[in-house]
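Text of data03.cif (mmCIF, C-alpha atoms; chains and numbers go by the auth columns) as supplied:
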```cif
data_model
loop_
_atom_site.group_PDB
_atom_site.id
_atom_site.type_symbol
_atom_site.label_atom_id
_atom_site.label_comp_id
_atom_site.label_asym_id
_atom_site.label_seq_id
_atom_site.Cartn_x
_atom_site.Cartn_y
_atom_site.Cartn_z
_atom_site.B_iso_or_equiv
_atom_site.auth_seq_id
_atom_site.auth_asym_id
ATOM 1 C CA MET A 1 -0.622 115.485 -1.990 0.00 1069 A
ATOM 2 C CA THR A 2 1.410 112.549 -0.711 0.00 1070 A
ATOM 3 C CA GLY A 3 1.919 111.210 -4.229 0.00 1071 A
ATOM 4 C CA VAL A 4 3.121 114.586 -5.512 0.00 1072 A
ATOM 5 C CA ALA A 5 5.549 114.952 -2.578 0.00 1073 A
ATOM 6 C CA PHE A 6 7.061 111.501 -3.148 0.00 1074 A
ATOM 7 C CA GLY A 7 7.201 112.198 -6.875 0.00 1075 A
ATOM 8 C CA LEU A 8 9.205 115.371 -6.266 0.00 1076 A
ATOM 9 C CA ILE A 9 11.682 113.692 -3.961 0.00 1077 A
ATOM 10 C CA GLY A 10 11.992 110.902 -6.519 0.00 1078 A
ATOM 11 C CA LEU A 11 12.982 113.483 -9.151 0.00 1079 A
ATOM 12 C CA GLU A 12 15.699 114.805 -6.844 0.00 1080 A
ATOM 13 C CA LEU A 13 16.845 111.411 -5.664 0.00 1081 A
ATOM 14 C CA HIS A 14 19.072 110.866 -8.703 0.00 1082 A
ATOM 15 C CA ASN A 15 21.237 113.795 -7.559 0.00 1083 A
ATOM 16 C CA ALA A 16 21.440 112.311 -4.081 0.00 1084 A
ATOM 17 C CA ILE A 17 22.366 108.889 -5.475 0.00 1085 A
ATOM 18 C CA ARG A 18 25.039 110.468 -7.681 0.00 1086 A
ATOM 19 C CA THR A 19 26.415 112.193 -4.591 0.00 1087 A
ATOM 20 C CA ALA A 20 26.478 108.876 -2.715 0.00 1088 A
ATOM 21 C CA SER A 21 28.432 107.146 -5.496 0.00 1089 A
ATOM 22 C CA GLY A 22 31.728 105.979 -4.063 0.00 1090 A
ATOM 23 C CA ARG A 23 30.563 106.722 -0.509 0.00 1091 A
ATOM 24 C CA TRP A 24 27.765 104.188 -0.165 0.00 1092 A
ATOM 25 C CA GLY A 25 29.078 102.822 3.108 0.00 1093 A
ATOM 26 C CA GLU A 26 29.283 106.267 4.677 0.00 1094 A
ATOM 27 C CA MET A 27 25.879 107.421 3.409 0.00 1095 A
ATOM 28 C CA LEU A 28 24.090 104.212 4.379 0.00 1096 A
ATOM 29 C CA GLY A 29 25.765 104.375 7.786 0.00 1097 A
ATOM 30 C CA TRP A 30 24.465 107.900 8.329 0.00 1098 A
ATOM 31 C CA ALA A 31 20.990 106.865 7.203 0.00 1099 A
ATOM 32 C CA ALA A 32 21.000 103.879 9.562 0.00 1100 A
ATOM 33 C CA ALA A 33 22.162 106.084 12.433 0.00 1101 A
ATOM 34 C CA ILE A 34 19.362 108.579 11.837 0.00 1102 A
ATOM 35 C CA VAL A 35 16.801 105.758 11.607 0.00 1103 A
ATOM 36 C CA GLY A 36 18.019 104.484 14.976 0.00 1104 A
ATOM 37 C CA VAL A 37 17.755 107.940 16.523 0.00 1105 A
ATOM 38 C CA VAL A 38 14.258 108.467 15.123 0.00 1106 A
ATOM 39 C CA VAL A 39 13.023 105.109 16.439 0.00 1107 A
ATOM 40 C CA VAL A 40 14.672 105.394 19.864 0.00 1108 A
ATOM 41 C CA VAL A 41 13.567 108.994 20.440 0.00 1109 A
ATOM 42 C CA ARG A 42 9.948 108.059 19.724 0.00 1110 A
ATOM 43 C CA LEU A 43 10.099 105.300 22.332 0.00 1111 A
ATOM 44 C CA ALA A 44 11.855 107.583 24.831 0.00 1112 A
ATOM 45 C CA TRP A 45 9.040 110.097 24.363 0.00 1113 A
ATOM 46 C CA LEU A 46 6.118 107.672 24.443 0.00 1114 A
ATOM 47 C CA LEU A 47 7.038 105.874 27.657 0.00 1115 A
ATOM 48 C CA PRO A 48 6.969 108.906 30.007 0.00 1116 A
ATOM 49 C CA ALA A 49 4.196 110.606 28.010 0.00 1117 A
ATOM 50 C CA THR A 50 1.924 107.567 28.337 0.00 1118 A
ATOM 51 C CA TRP A 51 2.663 107.204 32.043 0.00 1119 A
ATOM 52 C CA LEU A 52 1.996 110.902 32.700 0.00 1120 A
ATOM 53 C CA THR A 53 -1.204 110.862 30.629 0.00 1121 A
ATOM 54 C CA LYS A 54 -2.597 107.908 32.585 0.00 1122 A
ATOM 55 C CA ARG A 55 -1.765 109.617 35.872 0.00 1123 A
ATOM 56 C CA LEU A 56 -3.470 112.867 34.857 0.00 1124 A
ATOM 57 C CA HIS A 57 -6.537 111.093 33.480 0.00 1125 A
ATOM 58 C CA ALA A 58 -6.824 109.009 36.630 0.00 1126 A
ATOM 59 C CA LYS A 59 -6.814 112.147 38.794 0.00 1127 A
ATOM 60 C CA ARG A 60 -9.276 114.056 36.609 0.00 1128 A
ATOM 61 C CA ASP A 61 -11.409 110.994 35.802 0.00 1129 A
ATOM 62 C CA TYR A 62 -11.251 111.565 32.048 0.00 1130 A
ATOM 63 C CA ASP A 63 -12.670 108.767 29.927 0.00 1131 A
ATOM 64 C CA GLU A 64 -10.581 108.882 26.777 0.00 1132 A
ATOM 65 C CA GLU A 65 -8.755 106.274 24.746 0.00 1133 A
ATOM 66 C CA ILE A 66 -5.138 106.146 25.899 0.00 1134 A
ATOM 67 C CA PRO A 67 -2.711 103.219 25.944 0.00 1135 A
ATOM 68 C CA THR A 68 -3.584 101.107 28.980 0.00 1136 A
ATOM 69 C CA SER A 69 -0.730 98.615 28.790 0.00 1137 A
ATOM 70 C CA TRP A 70 2.868 98.380 27.676 0.00 1138 A
ATOM 71 C CA ARG A 71 1.720 96.320 24.674 0.00 1139 A
ATOM 72 C CA GLU A 72 -0.381 99.190 23.315 0.00 1140 A
ATOM 73 C CA THR A 73 2.508 101.584 23.931 0.00 1141 A
ATOM 74 C CA VAL A 74 4.829 99.317 21.935 0.00 1142 A
ATOM 75 C CA ILE A 75 2.319 99.256 19.061 0.00 1143 A
ATOM 76 C CA MET A 76 2.123 103.060 19.090 0.00 1144 A
ATOM 77 C CA TRP A 77 5.920 103.220 19.080 0.00 1145 A
ATOM 78 C CA TRP A 78 6.354 100.803 16.176 0.00 1146 A
ATOM 79 C CA ALA A 79 3.597 102.553 14.202 0.00 1147 A
ATOM 80 C CA GLY A 80 5.718 105.703 13.898 0.00 1148 A
ATOM 81 C CA MET A 81 6.360 105.426 10.161 0.00 1149 A
ATOM 82 C CA ARG A 82 7.734 108.499 8.409 0.00 1150 A
ATOM 83 C CA GLY A 83 6.104 109.827 5.293 0.00 1151 A
ATOM 84 C CA VAL A 84 4.979 113.041 3.659 0.00 1152 A
ATOM 85 C CA ALA A 85 6.049 115.308 6.564 0.00 1153 A
ATOM 86 C CA SER A 86 9.649 114.094 6.308 0.00 1154 A
ATOM 87 C CA VAL A 87 9.498 114.462 2.535 0.00 1155 A
ATOM 88 C CA ALA A 88 8.221 118.024 2.844 0.00 1156 A
ATOM 89 C CA LEU A 89 10.972 118.956 5.301 0.00 1157 A
ATOM 90 C CA ALA A 90 13.656 117.570 2.996 0.00 1158 A
ATOM 91 C CA LEU A 91 12.211 119.357 -0.039 0.00 1159 A
ATOM 92 C CA ALA A 92 11.954 122.621 1.918 0.00 1160 A
ATOM 93 C CA ILE A 93 15.748 122.916 2.015 0.00 1161 A
ATOM 94 C CA PRO A 94 16.692 125.582 -0.547 0.00 1162 A
ATOM 95 C CA LEU A 95 18.909 124.737 -3.512 0.00 1163 A
ATOM 96 C CA THR A 96 21.219 127.725 -3.012 0.00 1164 A
ATOM 97 C CA MET A 97 22.362 130.099 -0.293 0.00 1165 A
ATOM 98 C CA ASP A 98 21.796 133.855 -0.321 0.00 1166 A
ATOM 99 C CA ASP A 99 25.148 134.373 -2.047 0.00 1167 A
ATOM 100 C CA GLY A 100 24.184 132.001 -4.868 0.00 1168 A
ATOM 101 C CA SER A 101 26.357 129.105 -3.752 0.00 1169 A
ATOM 102 C CA ALA A 102 24.913 125.609 -3.442 0.00 1170 A
ATOM 103 C CA PHE A 103 23.335 124.712 -0.116 0.00 1171 A
ATOM 104 C CA PRO A 104 25.934 122.575 1.692 0.00 1172 A
ATOM 105 C CA ASP A 105 25.193 118.833 1.890 0.00 1173 A
ATOM 106 C CA ARG A 106 21.651 119.214 0.555 0.00 1174 A
ATOM 107 C CA ASP A 107 21.862 116.044 -1.541 0.00 1175 A
ATOM 108 C CA GLU A 108 23.165 114.132 1.469 0.00 1176 A
ATOM 109 C CA ILE A 109 20.208 115.330 3.554 0.00 1177 A
ATOM 110 C CA VAL A 110 17.723 114.289 0.839 0.00 1178 A
ATOM 111 C CA PHE A 111 19.369 110.863 0.601 0.00 1179 A
ATOM 112 C CA ILE A 112 19.238 110.345 4.381 0.00 1180 A
ATOM 113 C CA ALA A 113 15.599 111.530 4.540 0.00 1181 A
ATOM 114 C CA PHE A 114 14.650 109.095 1.791 0.00 1182 A
ATOM 115 C CA GLY A 115 16.513 106.334 3.609 0.00 1183 A
ATOM 116 C CA VAL A 116 14.630 107.039 6.838 0.00 1184 A
ATOM 117 C CA ILE A 117 11.296 107.040 5.018 0.00 1185 A
ATOM 118 C CA MET A 118 11.993 103.779 3.208 0.00 1186 A
ATOM 119 C CA ALA A 119 13.364 102.045 6.313 0.00 1187 A
ATOM 120 C CA THR A 120 10.399 102.954 8.489 0.00 1188 A
ATOM 121 C CA LEU A 121 7.744 102.306 5.840 0.00 1189 A
ATOM 122 C CA VAL A 122 9.182 98.955 4.774 0.00 1190 A
ATOM 123 C CA LEU A 123 10.534 97.602 8.064 0.00 1191 A
ATOM 124 C CA GLN A 124 7.986 98.993 10.504 0.00 1192 A
ATOM 125 C CA GLY A 125 5.069 99.084 8.091 0.00 1193 A
ATOM 126 C CA LEU A 126 5.346 95.470 6.943 0.00 1194 A
ATOM 127 C CA THR A 127 6.044 94.087 10.430 0.00 1195 A
ATOM 128 C CA LEU A 128 3.332 96.071 12.248 0.00 1196 A
ATOM 129 C CA PRO A 129 0.496 93.532 11.618 0.00 1197 A
ATOM 130 C CA TRP A 130 2.765 90.715 12.818 0.00 1198 A
ATOM 131 C CA LEU A 131 3.657 92.672 15.960 0.00 1199 A
ATOM 132 C CA VAL A 132 -0.001 93.404 16.737 0.00 1200 A
ATOM 133 C CA LYS A 133 -0.865 89.710 16.491 0.00 1201 A
ATOM 134 C CA ARG A 134 2.232 88.727 18.441 0.00 1202 A
ATOM 135 C CA LEU A 135 1.374 91.016 21.357 0.00 1203 A
ATOM 136 C CA GLY A 136 -2.322 90.109 21.244 0.00 1204 A
ATOM 137 C CA VAL A 137 -3.574 93.695 21.017 0.00 1205 A
ATOM 138 C CA ARG A 138 -7.226 93.943 19.986 0.00 1206 A
ATOM 139 C CA ALA A 139 -9.796 96.692 19.759 0.00 1207 A
ATOM 140 C CA ASP A 140 -12.124 97.072 22.740 0.00 1208 A
ATOM 141 C CA THR A 141 -15.325 96.849 20.706 0.00 1209 A
ATOM 142 C CA ASP A 142 -17.558 96.487 23.782 0.00 1210 A
ATOM 143 C CA SER A 143 -16.360 99.809 25.202 0.00 1211 A
ATOM 144 C CA GLU A 144 -16.748 101.469 21.816 0.00 1212 A
ATOM 145 C CA LYS A 145 -20.338 100.262 21.466 0.00 1213 A
ATOM 146 C CA ALA A 146 -21.177 101.322 25.026 0.00 1214 A
ATOM 147 C CA PHE A 147 -19.744 104.790 24.448 0.00 1215 A
ATOM 148 C CA GLU A 148 -21.535 105.051 21.096 0.00 1216 A
ATOM 149 C CA LYS A 149 -24.848 104.142 22.725 0.00 1217 A
ATOM 150 C CA GLU A 150 -24.313 106.625 25.558 0.00 1218 A
ATOM 151 C CA LEU A 151 -23.474 109.362 23.060 0.00 1219 A
ATOM 152 C CA ALA A 152 -26.598 108.557 21.029 0.00 1220 A
ATOM 153 C CA VAL A 153 -28.801 108.842 24.115 0.00 1221 A
ATOM 154 C CA ARG A 154 -27.199 112.156 25.082 0.00 1222 A
ATOM 155 C CA ALA A 155 -27.662 113.540 21.574 0.00 1223 A
ATOM 156 C CA ALA A 156 -31.324 112.485 21.436 0.00 1224 A
ATOM 157 C CA LYS A 157 -32.007 113.985 24.877 0.00 1225 A
ATOM 158 C CA ALA A 158 -30.319 117.240 23.870 0.00 1226 A
ATOM 159 C CA ALA A 159 -32.496 117.431 20.743 0.00 1227 A
ATOM 160 C CA LYS A 160 -35.664 116.739 22.758 0.00 1228 A
ATOM 161 C CA ARG A 161 -34.667 119.292 25.394 0.00 1229 A
ATOM 162 C CA ARG A 162 -34.171 121.943 22.747 0.00 1230 A
ATOM 163 C CA LEU A 163 -37.545 121.069 21.214 0.00 1231 A
ATOM 164 C CA ARG A 164 -39.243 121.593 24.597 0.00 1232 A
ATOM 165 C CA GLU A 165 -37.525 124.976 24.943 0.00 1233 A
ATOM 166 C CA ILE A 166 -38.814 126.024 21.527 0.00 1234 A
ATOM 167 C CA GLU A 167 -42.322 124.819 22.374 0.00 1235 A
ATOM 168 C CA ASP A 168 -42.287 127.024 25.476 0.00 1236 A
ATOM 169 C CA VAL A 169 -41.860 130.162 23.375 0.00 1237 A
ATOM 170 C CA GLU A 170 -43.490 129.123 20.107 0.00 1238 A
ATOM 171 C CA GLU A 171 -46.808 127.478 19.446 0.00 1239 A
ATOM 172 C CA LEU A 172 -46.392 124.387 17.298 0.00 1240 A
ATOM 173 C CA PRO A 173 -49.159 122.221 15.859 0.00 1241 A
ATOM 174 C CA GLU A 174 -49.447 118.887 17.610 0.00 1242 A
ATOM 175 C CA GLU A 175 -48.629 116.885 14.479 0.00 1243 A
ATOM 176 C CA VAL A 176 -45.526 119.016 13.865 0.00 1244 A
ATOM 177 C CA SER A 177 -44.416 118.564 17.458 0.00 1245 A
ATOM 178 C CA GLU A 178 -44.823 114.793 17.228 0.00 1246 A
ATOM 179 C CA GLN A 179 -42.909 114.694 13.956 0.00 1247 A
ATOM 180 C CA LEU A 180 -40.051 116.699 15.436 0.00 1248 A
ATOM 181 C CA LEU A 181 -40.022 114.424 18.464 0.00 1249 A
ATOM 182 C CA ARG A 182 -39.586 111.430 16.178 0.00 1250 A
ATOM 183 C CA ARG A 183 -36.763 113.266 14.446 0.00 1251 A
ATOM 184 C CA ALA A 184 -35.036 113.660 17.821 0.00 1252 A
ATOM 185 C CA PHE A 185 -35.243 109.911 18.344 0.00 1253 A
ATOM 186 C CA ASP A 186 -33.960 109.343 14.805 0.00 1254 A
ATOM 187 C CA ILE A 187 -30.865 111.363 15.663 0.00 1255 A
ATOM 188 C CA GLY A 188 -29.987 108.906 18.411 0.00 1256 A
ATOM 189 C CA VAL A 189 -30.693 105.863 16.231 0.00 1257 A
ATOM 190 C CA ARG A 190 -28.561 107.316 13.469 0.00 1258 A
ATOM 191 C CA ILE A 191 -25.585 107.484 15.858 0.00 1259 A
ATOM 192 C CA SER A 192 -26.208 104.078 17.428 0.00 1260 A
ATOM 193 C CA PRO A 193 -28.993 101.713 16.293 0.00 1261 A
ATOM 194 C CA GLU A 194 -28.723 99.983 19.684 0.00 1262 A
ATOM 195 C CA VAL A 195 -30.636 102.775 21.471 0.00 1263 A
ATOM 196 C CA GLY A 196 -33.978 101.740 19.996 0.00 1264 A
ATOM 197 C CA ASP A 197 -35.915 98.528 20.281 0.00 1265 A
ATOM 198 C CA GLY A 198 -36.499 96.280 17.289 0.00 1266 A
ATOM 199 C CA GLU A 199 -39.820 97.823 16.321 0.00 1267 A
ATOM 200 C CA ARG A 200 -38.532 101.389 16.481 0.00 1268 A
ATOM 201 C CA ARG A 201 -35.417 100.505 14.520 0.00 1269 A
ATOM 202 C CA GLU A 202 -37.566 98.899 11.850 0.00 1270 A
ATOM 203 C CA VAL A 203 -39.771 101.995 11.645 0.00 1271 A
ATOM 204 C CA TYR A 204 -36.684 104.190 11.407 0.00 1272 A
ATOM 205 C CA GLU A 205 -35.180 102.069 8.632 0.00 1273 A
ATOM 206 C CA LYS A 206 -38.436 102.203 6.658 0.00 1274 A
ATOM 207 C CA ARG A 207 -38.569 105.968 7.104 0.00 1275 A
ATOM 208 C CA VAL A 208 -34.979 106.344 5.890 0.00 1276 A
ATOM 209 C CA LYS A 209 -35.712 104.232 2.813 0.00 1277 A
ATOM 210 C CA ARG A 210 -38.824 106.298 2.111 0.00 1278 A
ATOM 211 C CA VAL A 211 -36.879 109.564 2.410 0.00 1279 A
ATOM 212 C CA LYS A 212 -34.142 108.280 0.098 0.00 1280 A
ATOM 213 C CA LYS A 213 -36.738 107.237 -2.439 0.00 1281 A
ATOM 214 C CA MET A 214 -38.414 110.631 -2.266 0.00 1282 A
ATOM 215 C CA ARG A 215 -35.076 112.410 -2.716 0.00 1283 A
ATOM 216 C CA ARG A 216 -34.234 110.236 -5.706 0.00 1284 A
ATOM 217 C CA ILE A 217 -37.578 110.919 -7.381 0.00 1285 A
ATOM 218 C CA GLN A 218 -37.329 114.633 -6.620 0.00 1286 A
ATOM 219 C CA GLY A 219 -33.840 114.649 -8.145 0.00 1287 A
ATOM 220 C CA GLU A 220 -35.123 113.055 -11.327 0.00 1288 A
ATOM 221 C CA MET A 221 -38.013 115.544 -11.482 0.00 1289 A
ATOM 222 C CA MET A 222 -35.624 118.470 -11.048 0.00 1290 A
ATOM 223 C CA SER A 223 -33.328 117.029 -13.718 0.00 1291 A
ATOM 224 C CA ALA A 224 -36.240 116.752 -16.186 0.00 1292 A
ATOM 225 C CA ALA A 225 -37.334 120.314 -15.412 0.00 1293 A
ATOM 226 C CA ARG A 226 -33.762 121.584 -15.830 0.00 1294 A
ATOM 227 C CA HIS A 227 -33.403 119.891 -19.228 0.00 1295 A
ATOM 228 C CA GLU A 228 -36.696 121.414 -20.354 0.00 1296 A
ATOM 229 C CA VAL A 229 -35.605 124.917 -19.315 0.00 1297 A
ATOM 230 C CA LEU A 230 -32.242 124.506 -21.062 0.00 1298 A
ATOM 231 C CA ALA A 231 -33.971 123.193 -24.193 0.00 1299 A
ATOM 232 C CA ALA A 232 -36.112 126.341 -24.298 0.00 1300 A
ATOM 233 C CA ARG A 233 -32.944 128.453 -24.638 0.00 1301 A
ATOM 234 C CA VAL A 234 -31.992 126.837 -27.948 0.00 1302 A
#
```

Translate the structure described by the file into structure tokens.
Amino acid sequence: MTGVAFGLIGLELHNAIRTASGRWGEMLGWAAAIVGVVVVVRLAWLLPATWLTKRLHAKRDYDEEIPTSWRETVIMWWAGMRGVASVALALAIPLTMDDGSAFPDRDEIVFIAFGVIMATLVLQGLTLPWLVKRLGVRADTDSEKAFEKELAVRAAKAAKRRLREIEDVEELPEEVSEQLLRRAFDIGVRISPEVGDGERREVYEKRVKRVKKMRRIQGEMMSAARHEVLAARV
């Protein structure tokens, strides 16, 4: 989708460049002005939005990932590259008016939109890794692992709780109940391997390998049976 959108604006860009011939200074000046507005407005929005979000989350005790420092806010600001949405908006401008006349300044708008896209993708996109290293912003992997483990435990408990509810109303064989209980534990391990001890993780990994092997063999058996049925039609 993105490739098609950029391809379409590339096909129309020659008209915009022809329009800018002889007025390069004016057109580039307009493009630079719009780039400045786009970049400044994003910063003007992020600063109060981040502050307000932290205040609301502190009052409601929400545990979500939001920028916790001005460095992270700066990274979010500089990461505001323009792309397919800007292209789509520029291409959405009709070629003609209702009376059949050409849409005024359409080529100029396409040229400026392309200039904004190129400036943000090249300037901000290529300098973003440098800025991240310069500000020393890193992912909080410890918090992510802790949250992942907590989520795995909650998911496994929810599965076990639902199994108990079903057992209260339905009679299940003991071996089936034990197998389903192991499946509940497997759900948690699948989300975060850290929830199980070494022995349980090893058992789970062996079980996963066994299931994959069974599915592969069953797939080959079904493929052989399908070929035989198709051959009988000839």

Practice item. Determine the residue membership of the PyMOL selection byres ((chain A and resi 1095-1112) around 12) for the file above and supply it as a PyMOL selection string. Key: chain A and resi 1084-1094+1113-1119+1138+1141-1150+1154+1173+1175-1189+1191-1192

Exercise for review: Go through A:Val1257, A:Leu1196, A:Ile1285, A:Val1221 one by one, measure the shortest atom-to-atom distance of each to A:Glu1273 using only C-alpha atoms, and give the residue with the smallest value.
Suggested key: A:Val1257

Point to revise | Output check: residues returned by the PyMOL selection byres ((chain A and resi 1242-1253) around 8), as a ChimeraX atom specification | key: /A:1224-1225,1227-1228,1231,1240-1241,1254-1257

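For the pair atom CA of A:Ile1234 and atom CA of A:Ala1220, the separation is 21.3 Å.
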
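Distance-wise, atom CA of A:Leu1219 and atom CA of A:Ile1259 end up 7.7 Å apart.
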
Check your understanding: Written as a ChimeraX atom specification, what is the full residue list that the PyMOL selection byres ((chain A and resi 1074) around 12) yields on the file shown?
Key -> /A:1069-1073,1075-1081,1150-1159,1178,1181-1182,1185-1186

Check your understanding: Hey, can you check how far atom CA of A:Val1237 sits from atom CA of A:Arg1258?
Key -> 28.2 Å

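If only C-alpha atoms are the atoms counted, then among A:Arg1174, A:Lys1122, A:Arg1139, A:Met1165 the closest residue to A:Asn1083 is A:Arg1174.
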
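Using all atoms listed in the file, the shortest contact distance between A:Lys1217 and any of A:Arg1284, A:Arg1230, A:Ser1260, A:Gly1193 is found at A:Ser1260.
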